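Trainee: The file below is model_38.cif, mmCIF, C-alpha atoms:
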```cif
data_coords
loop_
_atom_site.label_atom_id
_atom_site.label_comp_id
_atom_site.auth_asym_id
_atom_site.auth_seq_id
_atom_site.Cartn_x
_atom_site.Cartn_y
_atom_site.Cartn_z
CA MET B 1 1.15 17.49 37.80
CA SER B 2 3.40 16.64 34.88
CA TYR B 3 2.14 15.32 31.57
CA TYR B 4 3.53 11.89 32.41
CA LEU B 5 2.05 11.61 35.89
CA SER B 6 -1.41 12.40 34.55
CA SER B 7 -1.06 9.96 31.67
CA SER B 8 -2.59 6.52 31.60
CA LEU B 9 -0.02 3.78 31.03
CA LEU B 10 -0.41 0.58 29.07
CA PHE B 11 1.41 -2.45 30.46
CA GLN B 12 2.44 -5.09 27.96
CA SER B 13 4.70 -8.07 28.44
CA ASP B 14 7.65 -6.36 26.78
CA LYS B 15 7.06 -2.69 27.50
CA ILE B 16 5.23 0.10 29.24
CA THR B 17 3.81 2.78 26.97
CA ILE B 18 1.79 5.95 27.38
CA ASP B 19 -1.68 4.92 26.34
CA ASP B 20 -2.57 8.02 24.34
CA THR B 21 0.62 8.33 22.36
CA ASP B 22 2.26 4.88 22.31
CA GLU B 23 5.47 6.48 23.56
CA GLU B 24 7.63 3.85 25.18
CA VAL B 25 8.42 4.46 28.84
CA MET B 26 10.50 1.32 29.35
CA MET B 27 11.09 -1.90 27.42
CA SER B 28 12.32 -5.39 28.11
CA TRP B 29 15.24 -5.13 25.67
CA GLU B 30 16.93 -3.05 28.35
CA ASP B 31 17.34 -6.13 30.52
CA SER B 32 21.09 -6.44 30.09
CA LEU B 33 21.53 -2.72 30.78
CA MET B 34 19.45 -2.97 33.93
CA SER B 35 21.46 -6.00 35.00
CA ALA B 36 24.73 -4.13 34.54
CA SER B 37 23.39 -1.05 36.31
CA ALA B 38 22.22 -3.11 39.27
CA ALA B 39 25.53 -4.94 39.43
CA TYR B 40 27.45 -1.66 39.57
CA VAL B 41 25.43 0.03 42.29
CA THR B 42 25.46 -3.11 44.46
CA GLU B 43 29.16 -3.81 44.15
CA ASP B 44 29.71 -2.88 47.77
CA GLY B 45 26.35 -4.14 49.07
CA GLY B 46 24.88 -2.00 51.80
CA ASP B 47 21.98 0.41 51.33
CA ILE B 48 20.69 0.94 47.81
CA LEU B 49 18.49 3.76 46.56
CA GLU B 50 16.55 3.19 43.36
CA ILE B 51 14.63 6.12 41.88
CA GLY B 52 12.03 4.94 39.38
CA PHE B 53 10.65 1.37 39.45
CA GLY B 54 9.45 1.10 35.86
CA MET B 55 9.09 -2.54 34.85
CA GLY B 56 10.95 -3.66 37.96
CA ILE B 57 13.77 -5.16 35.92
CA ALA B 58 16.55 -3.38 37.78
CA SER B 59 14.75 -3.92 41.06
CA ASN B 60 14.86 -7.69 40.56
CA TYR B 61 18.54 -7.56 39.76
CA ILE B 62 19.28 -5.38 42.76
CA GLN B 63 17.44 -7.87 44.93
CA SER B 64 19.53 -10.69 43.51
CA HIS B 65 22.66 -9.15 45.03
CA SER B 66 23.67 -9.15 48.64
CA ILE B 67 22.43 -5.87 50.05
CA SER B 68 21.19 -4.56 53.36
CA SER B 69 18.32 -2.36 52.27
CA HIS B 70 16.61 -1.30 49.08
CA THR B 71 14.69 1.97 49.01
CA ILE B 72 12.54 2.51 45.92
CA ILE B 73 11.02 5.87 45.03
CA GLU B 74 8.12 5.82 42.59
CA ASN B 75 5.24 8.23 42.04
CA HIS B 76 3.24 7.17 39.00
CA PRO B 77 0.03 5.70 40.47
CA GLN B 78 -0.20 2.77 38.07
CA ILE B 79 3.44 1.79 38.52
CA LEU B 80 3.03 2.15 42.26
CA GLU B 81 0.33 -0.51 42.12
CA LYS B 82 2.77 -2.85 40.39
CA LEU B 83 5.46 -2.01 42.91
CA GLU B 84 3.18 -2.68 45.86
CA THR B 85 2.51 -6.16 44.50
CA TRP B 86 6.15 -6.78 43.70
CA VAL B 87 7.31 -5.86 47.19
CA ASN B 88 5.42 -8.69 48.90
CA ASN B 89 7.76 -10.86 50.99
CA LYS B 90 10.72 -8.57 50.42
CA SER B 91 11.57 -7.49 53.92
CA ASN B 92 14.43 -5.17 53.05
CA VAL B 93 12.46 -2.94 50.68
CA THR B 94 11.07 0.47 51.58
CA ILE B 95 8.72 2.21 49.16
CA VAL B 96 8.59 5.99 48.97
CA SER B 97 5.56 7.01 46.93
CA GLN B 98 6.43 10.62 46.20
CA SER B 99 8.53 12.58 43.78
CA TRP B 100 12.18 12.00 44.61
CA SER B 101 12.83 15.74 44.62
CA ASP B 102 10.23 16.25 47.35
CA VAL B 103 11.86 13.80 49.72
CA THR B 104 15.59 14.09 49.24
CA GLY B 105 15.86 16.07 52.46
CA SER B 106 14.38 13.21 54.47
CA LEU B 107 16.38 10.41 52.90
CA SER B 108 19.58 8.81 54.16
CA THR B 109 22.87 8.33 52.42
CA TYR B 110 23.42 5.24 50.32
CA ASP B 111 26.09 2.88 49.11
CA GLY B 112 24.54 2.61 45.67
CA ILE B 113 22.12 4.80 43.71
CA PHE B 114 20.30 4.00 40.49
CA TYR B 115 18.29 6.82 38.92
CA ASP B 116 15.97 6.03 36.03
CA THR B 117 12.87 8.20 35.80
CA TYR B 118 10.49 9.19 33.03
CA GLY B 119 8.55 12.41 32.71
CA ASP B 120 10.59 13.86 35.53
CA ASP B 121 10.48 17.62 35.08
CA ARG B 122 12.98 18.08 37.89
CA ASN B 123 15.66 15.74 36.61
CA HIS B 124 17.95 18.73 36.20
CA LEU B 125 18.09 18.89 40.00
CA PHE B 126 19.38 15.36 40.38
CA SER B 127 23.03 16.20 39.89
CA SER B 128 23.04 18.78 42.67
CA SER B 129 21.01 16.52 44.94
CA LEU B 130 23.55 13.74 44.89
CA SER B 131 25.74 15.32 47.54
CA GLY B 132 23.02 14.81 50.13
CA LEU B 133 22.48 11.16 49.20
CA THR B 134 26.04 9.94 48.93
CA LYS B 135 28.97 9.11 51.14
CA SER B 136 32.53 8.21 50.41
CA GLY B 137 32.53 5.30 48.01
CA THR B 138 28.91 5.57 46.89
CA LYS B 139 28.43 4.21 43.38
CA ALA B 140 25.76 5.80 41.24
CA THR B 141 24.48 5.24 37.75
CA PHE B 142 21.50 6.44 35.76
CA TRP B 143 19.76 5.91 32.44
CA ASN B 144 21.76 7.51 29.66
CA ASN B 145 20.33 8.14 26.19
CA ASN B 146 23.55 9.62 24.90
CA GLN B 147 25.48 7.35 22.62
CA ASN B 148 28.85 8.63 23.64
CA GLU B 149 30.74 9.46 26.83
CA SER B 150 28.39 12.21 28.00
CA ASN B 151 25.10 12.53 29.79
CA ASP B 152 22.17 14.94 29.77
CA LEU B 153 21.87 15.07 33.56
CA ASN B 154 25.07 17.11 33.79
CA ILE B 155 26.72 14.74 36.21
CA PRO B 156 30.45 15.35 35.89
CA ASN B 157 33.42 13.02 35.99
CA CYS B 158 31.64 9.80 35.12
CA GLN B 159 33.33 6.76 33.71
CA TYR B 160 31.42 5.04 30.95
CA GLN B 161 31.11 1.31 30.42
CA GLN B 162 30.16 0.38 26.89
CA ILE B 163 27.58 -2.38 26.69
CA SER B 164 26.41 -3.95 23.45
CA THR B 165 22.67 -4.17 23.19
CA THR B 166 19.95 -4.87 20.66
CA PRO B 167 17.26 -2.26 21.06
CA ALA B 168 13.77 -3.07 19.90
CA SER B 169 12.04 -0.29 18.01
CA ASN B 170 11.59 2.60 20.42
CA SER B 171 11.55 6.35 20.57
CA TYR B 172 14.22 7.07 23.17
CA PHE B 173 17.31 5.06 22.29
CA THR B 174 17.83 4.82 18.58
CA GLY B 175 20.62 4.60 16.07
CA SER B 176 23.12 2.65 18.11
CA THR B 177 23.73 -0.77 19.58
CA THR B 178 26.10 0.52 22.24
CA TYR B 179 24.88 1.78 25.59
CA TYR B 180 27.23 4.03 27.53
CA MET B 181 26.52 3.18 31.14
CA PRO B 182 27.63 6.03 33.41
CA LYS B 183 29.61 5.06 36.49
CA LYS B 184 30.05 7.70 39.10
CA GLU B 185 31.95 6.94 42.30
CA PHE B 186 31.95 9.48 45.11
CA MET G 1 -31.52 25.58 12.08
CA PRO G 2 -30.29 22.33 10.55
CA ASP G 3 -27.65 20.23 12.29
CA LEU G 4 -25.06 18.30 10.32
CA ALA G 5 -23.22 15.30 11.75
CA PRO G 6 -19.56 14.81 10.89
CA THR G 7 -18.64 12.44 8.11
CA ILE G 8 -15.06 12.19 9.37
CA ASP G 9 -13.47 13.19 12.68
CA GLY G 10 -10.48 12.37 14.79
CA PRO G 11 -7.10 13.51 16.09
CA ILE G 12 -3.65 13.11 14.54
CA ILE G 13 -0.65 13.20 16.85
CA LYS G 14 3.08 13.52 16.42
CA ALA G 15 4.61 12.44 19.72
CA GLY G 16 7.94 11.45 21.22
CA GLN G 17 10.01 13.90 19.19
CA SER G 18 13.38 15.21 20.30
CA SER G 19 12.81 18.72 18.96
CA TRP G 20 9.93 21.15 18.60
CA ALA G 21 10.41 21.27 14.84
CA ASN G 22 10.31 17.50 14.51
CA ALA G 23 6.90 17.47 16.16
CA ARG G 24 5.34 20.65 14.84
CA ASP G 25 6.62 20.51 11.27
CA ALA G 26 6.13 16.80 10.73
CA THR G 27 4.38 15.78 7.54
CA SER G 28 2.82 12.72 9.09
CA GLY G 29 1.64 11.60 12.49
CA THR G 30 -0.61 8.91 13.88
CA ALA G 31 -4.27 9.24 13.02
CA SER G 32 -6.80 7.54 15.24
CA THR G 33 -10.50 7.06 15.60
CA THR G 34 -11.49 7.57 19.17
CA SER G 35 -14.63 8.33 21.13
CA ARG G 36 -12.98 11.15 23.05
CA HIS G 37 -9.54 12.48 23.87
CA VAL G 38 -8.35 14.50 26.85
CA SER G 39 -5.79 16.33 24.73
CA ALA G 40 -7.24 16.26 21.24
CA VAL G 41 -5.57 19.59 20.55
CA ASN G 42 -2.24 19.97 22.25
CA ALA G 43 1.33 21.19 22.41
CA ILE G 44 3.45 19.44 25.01
CA ARG G 45 7.06 19.59 26.11
CA SER G 46 7.95 17.04 28.74
CA ALA G 47 10.82 15.11 30.22
CA GLY G 48 11.70 11.73 28.81
CA ARG G 49 14.37 9.44 30.24
CA GLY G 50 17.90 10.30 31.18
CA GLY G 51 17.41 14.03 30.92
CA SER G 52 15.94 13.95 27.44
CA ILE G 53 13.15 16.29 26.35
CA LEU G 54 10.15 15.12 24.35
CA TYR G 55 7.78 17.18 22.24
CA GLN G 56 4.37 16.36 20.91
CA VAL G 57 1.72 18.16 18.91
CA GLN G 58 -1.82 17.01 18.31
CA ARG G 59 -4.47 18.46 16.00
CA SER G 60 -8.05 17.38 15.47
CA PHE G 61 -9.85 17.23 12.16
CA PHE G 62 -13.52 17.26 11.18
CA GLU G 63 -15.44 16.95 7.93
CA PHE G 64 -19.11 17.70 7.31
CA ASP G 65 -21.16 17.05 4.18
CA THR G 66 -22.39 20.40 2.95
CA SER G 67 -23.47 19.26 -0.51
CA GLY G 68 -27.07 20.14 0.30
CA ILE G 69 -26.28 23.79 0.93
CA SER G 70 -26.59 25.94 -2.16
CA VAL G 71 -27.31 29.29 -0.59
CA THR G 72 -24.92 30.92 1.80
CA PRO G 73 -26.22 30.30 5.31
CA THR G 74 -26.99 33.23 7.55
CA ASP G 75 -24.67 31.84 10.24
CA ALA G 76 -23.00 28.63 11.29
CA THR G 77 -21.69 27.22 14.53
CA LEU G 78 -19.32 24.34 15.09
CA LYS G 79 -20.38 22.66 18.33
CA ILE G 80 -17.82 20.49 20.11
CA TYR G 81 -18.49 18.75 23.42
CA GLY G 82 -15.54 19.24 25.77
CA PHE G 83 -13.68 16.56 27.68
CA GLY G 84 -10.54 16.55 29.81
CA GLY G 85 -8.08 19.35 29.18
CA ILE G 86 -9.16 22.96 28.87
CA ASN G 87 -6.01 25.07 28.70
CA ALA G 88 -5.16 25.00 25.00
CA ASP G 89 -6.55 27.95 23.11
CA LEU G 90 -7.32 26.95 19.56
CA PHE G 91 -8.08 28.19 16.10
CA VAL G 92 -10.47 26.62 13.61
CA VAL G 93 -8.80 26.58 10.20
CA LYS G 94 -9.49 25.16 6.76
CA ALA G 95 -8.15 21.66 6.22
CA ASN G 96 -7.67 19.59 3.09
CA PHE G 97 -7.15 16.08 4.42
CA SER G 98 -7.83 12.89 2.52
CA ASP G 99 -11.29 12.07 1.28
CA GLY G 100 -12.89 9.06 2.91
CA ALA G 101 -10.83 8.82 6.09
CA LEU G 102 -8.11 10.55 8.03
CA ALA G 103 -4.66 9.24 7.21
CA ASN G 104 -1.35 9.53 9.03
CA GLY G 105 -0.11 11.81 6.26
CA ASP G 106 -2.85 14.34 7.00
CA PHE G 107 -1.07 15.74 10.04
CA ASP G 108 -0.23 18.92 8.10
CA ALA G 109 -3.24 18.83 5.75
CA ILE G 110 -4.07 22.45 6.40
CA VAL G 111 -4.69 24.87 3.56
CA GLY G 112 -1.82 27.36 3.41
CA TRP G 113 0.43 25.40 5.78
CA SER G 114 4.15 25.94 5.47
CA ALA G 115 6.57 23.92 7.57
CA GLY G 116 8.81 26.05 9.74
CA ALA G 117 6.74 29.19 9.26
CA ASP G 118 4.46 31.24 11.44
CA ASN G 119 1.24 30.19 9.73
CA SER G 120 -1.03 32.64 11.50
CA SER G 121 -1.54 34.56 8.30
CA ASN G 122 -1.02 31.71 5.86
CA VAL G 123 -3.99 29.56 6.80
CA THR G 124 -7.65 30.18 6.14
CA LYS G 125 -9.30 30.81 9.46
CA TYR G 126 -12.87 29.69 9.81
CA ARG G 127 -13.29 31.79 12.92
CA ASP G 128 -11.90 35.28 13.28
CA HIS G 129 -10.61 34.82 16.82
CA GLU G 130 -9.13 31.95 18.75
CA VAL G 131 -11.28 29.95 21.12
CA THR G 132 -10.06 30.76 24.62
CA ILE G 133 -12.79 29.38 26.86
CA TRP G 134 -13.55 25.68 26.91
CA SER G 135 -16.16 23.80 28.87
CA THR G 136 -16.07 20.11 29.66
CA SER G 137 -19.65 20.00 30.86
CA GLY G 138 -21.38 20.73 27.58
CA TYR G 139 -21.03 21.89 24.03
CA ASN G 140 -18.58 24.61 23.10
CA ASP G 141 -20.19 26.82 20.47
CA ILE G 142 -17.67 28.08 17.94
CA THR G 143 -19.22 30.71 15.73
CA LEU G 144 -17.81 30.49 12.22
CA ASN G 145 -16.95 33.38 9.94
CA ALA G 146 -17.82 34.35 6.39
CA ALA G 147 -15.05 32.21 4.92
CA ALA G 148 -16.61 29.14 6.48
CA LEU G 149 -20.07 30.10 5.24
CA THR G 150 -18.68 30.45 1.72
CA SER G 151 -16.99 27.05 1.89
CA MET G 152 -20.18 25.48 3.15
CA THR G 153 -21.97 26.87 0.13
CA ASP G 154 -19.36 26.33 -2.55
CA ASP G 155 -17.97 22.95 -1.55
CA ASP G 156 -19.57 19.57 -1.12
CA VAL G 157 -17.72 19.10 2.17
CA ILE G 158 -16.18 21.45 4.67
CA LYS G 159 -13.03 20.29 6.43
CA PHE G 160 -11.84 21.80 9.71
CA CYS G 161 -8.64 21.52 11.66
CA LEU G 162 -8.63 22.55 15.31
CA ILE G 163 -5.10 23.68 16.09
CA GLU G 164 -3.43 25.05 19.21
CA SER G 165 -3.12 28.81 18.77
CA THR G 166 -0.22 30.03 20.89
CA LYS G 167 2.56 27.55 19.98
CA ASP G 168 1.53 25.35 17.09
CA LEU G 169 -0.06 27.73 14.62
CA PRO G 170 2.47 30.58 15.07
CA ASN G 171 5.43 28.21 15.46
CA VAL G 172 6.54 29.36 18.89
CA ALA G 173 8.90 26.66 20.12
CA MET G 174 8.27 25.45 23.64
CA THR G 175 11.31 26.21 25.76
CA SER G 176 10.15 24.83 29.09
CA ASN G 177 8.17 21.79 30.06
CA ALA G 178 4.45 22.43 29.82
CA THR G 179 1.27 20.62 28.92
CA ILE G 180 -1.15 22.66 26.85
CA LYS G 181 -4.17 20.58 25.98
CA THR G 182 -7.86 20.75 25.23
CA GLY G 183 -10.01 17.65 25.00
CA MET G 184 -13.22 16.77 23.23
CA TYR G 185 -15.66 14.08 22.15
CA PHE G 186 -15.85 12.63 18.67
CA GLN G 187 -18.69 10.95 16.83
CA GLU G 188 -17.36 7.52 17.73
CA ASN G 189 -18.65 8.08 21.26
CA THR G 190 -21.66 5.88 22.06
CA GLY G 191 -24.92 7.63 21.25
CA THR G 192 -25.15 11.05 19.69
CA SER G 193 -25.61 13.34 22.67
CA LYS G 194 -21.97 14.49 22.59
CA ASP G 195 -21.23 14.23 18.89
CA PRO G 196 -19.70 17.15 17.02
CA ILE G 197 -22.32 19.22 15.20
CA LEU G 198 -22.23 21.79 12.44
CA ASN G 199 -25.29 23.90 12.99
CA TYR G 200 -26.34 26.55 10.50
CA THR G 201 -29.20 28.84 9.71
CA ALA G 202 -30.46 28.47 6.16
CA ALA G 203 -30.94 31.77 4.37
CA GLY G 204 -33.95 30.54 2.44
CA TYR G 205 -34.28 29.35 -1.10
CA GLY G 206 -32.31 31.12 -3.71
CA ASN G 207 -34.85 30.94 -6.44
CA ASP G 208 -38.51 31.44 -6.84
CA ILE G 209 -40.39 28.18 -6.97
CA MET G 210 -42.44 28.25 -10.07
CA GLY G 211 -43.70 31.71 -9.54
CA VAL G 212 -43.67 31.78 -5.78
CA ALA G 213 -41.54 34.74 -4.79
CA SER G 214 -38.74 34.13 -2.33
CA ALA G 215 -40.55 36.40 0.08
CA ASN G 216 -43.40 33.92 0.14
CA ILE G 217 -41.31 30.85 0.64
CA GLY G 218 -42.57 30.61 4.18
CA LYS G 219 -45.93 29.75 2.82
CA VAL G 220 -44.46 27.02 0.69
CA ASN G 221 -42.63 25.70 3.68
CA SER G 222 -45.87 25.48 5.54
CA LEU G 223 -47.53 23.30 2.97
CA ALA G 224 -48.52 19.86 4.16
CA THR G 225 -46.23 17.15 2.90
CA ALA G 226 -49.12 15.61 1.04
CA ASN G 227 -49.47 18.79 -0.95
CA ILE G 228 -45.83 19.24 -1.89
CA GLU G 229 -46.44 17.17 -4.98
CA LYS G 230 -48.77 19.86 -6.17
CA VAL G 231 -46.02 22.45 -5.90
CA ILE G 232 -43.59 20.17 -7.67
CA GLY G 233 -46.13 19.45 -10.29
CA VAL G 234 -47.10 23.01 -10.99
#
```
Please lay out the structure from this file as structure tokens.
Mentor:
Amino acid sequence: MSYYLSSSLLFQSDKITIDDTDEEVMMSWEDSLMSASAAYVTEDGGDILEIGFGMGIASNYIQSHSISSHTIIENHPQILEKLETWVNNKSNVTIVSQSWSDVTGSLSTYDGIFYDTYGDDRNHLFSSSLSGLTKSGTKATFWNNNQNESNDLNIPNCQYQQISTTPASNSYFTGSTTYYMPKKEF
Amino acid sequence: MPDLAPTIDGPIIKAGQSSWANARDATSGTASTTSRHVSAVNAIRSAGRGGSILYQVQRSFFEFDTSGISVTPTDATLKIYGFGGINADLFVVKANFSDGALANGDFDAIVGWSAGADNSSNVTKYRDHEVTIWSTSGYNDITLNAAALTSMTDDDVIKFCLIESTKDLPNVAMTSNATIKTGMYFQENTGTSKDPILNYTAAGYGNDIMGVASANIGKVNSLATANIEKVIGV
């Protein structure tokens, strides 16, 4: 089990942190970035795959668009509890409570994919896994710490949409007020 | 076999760093007072968000009041009750953190410490070998060496740092994701049954007591308390 999955999380109104270390996992200042990410992956409606629920910000935005189905993969036990509450009365949502890399072979293909995980020791496999999850026209995006037109997940040929943001103090996105949202169309 | 309770204890962590050096060679971290910690001594490389890598290092510090020790003890054992993680081997080394309380700036308060260096030979080890076996169901007895016995005798306090021995102390950067951690209780835990202890064996008095030879000290020790005044008053 990874360090993150065995860590206790602290849920506050504006962030999720790792209890022992105060490291931020996700924060509410990302709202506009989550909104833009959700808007991109739902541009064509259809079936949406979201990997990593976090604070549920992107999930709410995805739900606000016209889509057919919304599959959410989450495996941190405390976040799963939040997700299981959130999903009430949302008939088009399917929860997969495992590591995404353990289930990619049993998943479908999707019209939109949003990947935003934390403590994911197999994130280097995501790029190569996309071929099994996509079809012609699939739109995918993912969290990008890089403050330029590049990404650490080694996903090639992305377009980048610059979004102005005002980050609160945090340990993962610092030194810039511009988020480079990756846009990958298959 | 007197037992000493700690006067200061707690971990200091440097977490969420984008490089091994930023974590390991930091001059300050976050000090905390806690009853117990699953990874009180650690070296961790893990995934963050968006493909980023995060490093953290945690060390734990202890101070005991040894002002009452004037003769080098025969032996001494640092006893730490385990909790949580067990896979970090650790060294016990001489620390020089702030008097009164642990501060954030004490992260590298280790005698002989040099940022960026393999400090295996720079620090003063209070145990000749690393601790490689850790129990979470009782006390871990860490036998201390002659350097520790000397410090206990010469100094009013002895300050320990428990530091991870395969990555942190020798400065071996972590190149793949791994969680190396050992956990323990601190004195802030309710009650005293799991508190850290410095146990030592007194070597006996260093001087004759008004004509009583050291070899006969045992007889003095056996005097009734009510009669001690007579010895003092001799």
Trainee: Which residues fall under the PyMOL selection byres ((chain B) within 8 of (chain G)) in this file, as a PDB file with C-alpha atoms, keeping the file's coordinate frame?
Mentor:
```
ATOM      1  CA  SER B   2       3.400  16.640  34.880  1.00  0.00           C
ATOM      2  CA  TYR B   3       2.140  15.320  31.570  1.00  0.00           C
ATOM      3  CA  TYR B   4       3.530  11.890  32.410  1.00  0.00           C
ATOM      4  CA  THR B  21       0.620   8.330  22.360  1.00  0.00           C
ATOM      5  CA  GLU B  23       5.470   6.480  23.560  1.00  0.00           C
ATOM      6  CA  VAL B  25       8.420   4.460  28.840  1.00  0.00           C
ATOM      7  CA  ASP B 116      15.970   6.030  36.030  1.00  0.00           C
ATOM      8  CA  THR B 117      12.870   8.200  35.800  1.00  0.00           C
ATOM      9  CA  TYR B 118      10.490   9.190  33.030  1.00  0.00           C
ATOM     10  CA  GLY B 119       8.550  12.410  32.710  1.00  0.00           C
ATOM     11  CA  ASP B 120      10.590  13.860  35.530  1.00  0.00           C
ATOM     12  CA  ASP B 121      10.480  17.620  35.080  1.00  0.00           C
ATOM     13  CA  ASN B 123      15.660  15.740  36.610  1.00  0.00           C
ATOM     14  CA  HIS B 124      17.950  18.730  36.200  1.00  0.00           C
ATOM     15  CA  PHE B 142      21.500   6.440  35.760  1.00  0.00           C
ATOM     16  CA  TRP B 143      19.760   5.910  32.440  1.00  0.00           C
ATOM     17  CA  ASN B 144      21.760   7.510  29.660  1.00  0.00           C
ATOM     18  CA  ASN B 145      20.330   8.140  26.190  1.00  0.00           C
ATOM     19  CA  ASN B 151      25.100  12.530  29.790  1.00  0.00           C
ATOM     20  CA  ASP B 152      22.170  14.940  29.770  1.00  0.00           C
ATOM     21  CA  LEU B 153      21.870  15.070  33.560  1.00  0.00           C
ATOM     22  CA  SER B 171      11.550   6.350  20.570  1.00  0.00           C
ATOM     23  CA  TYR B 172      14.220   7.070  23.170  1.00  0.00           C
TER      24      TYR B 172
END
```
Trainee: Which one is closest to Ser165 (chain G): G:Asp108, G:Ala43, G:Ser114, G:Phe83? Count all atoms listed in the file.
Mentor: G:Ala43
Trainee: Kindly resolve the PyMOL selection byres ((chain G and resi 86) around 9) on the present coordinates and return the residues as number ranges by chain.
Mentor: G: 38-39, 82-85, 87-89, 132-136, 180-183
Trainee: Just the number, please: distance in Å from CA of Ala31 (chain G) to CA of Leu149 (chain G), one decimal.
Mentor: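 Calculated distance between CA of Ala31 (chain G) and CA of Leu149 (chain G) is 27.3 Å.
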Trainee: Would you list the residues near (35.9, 9.4, 36.3) (no more than 12 Å away, in the coordinates of the file, using all atoms listed in the file) as a PyMOL selection string?
Mentor: chain B and resi 139-140+149-150+155-161+182-186
Trainee: Gln98 (chain B): which residues within 9 Å, counting all atoms listed in the file, same-chain residues fewer than 4 positions away excluded, as JSON, numbers by chain?
Mentor: {"B": [73, 74, 75, 76, 102, 103]}
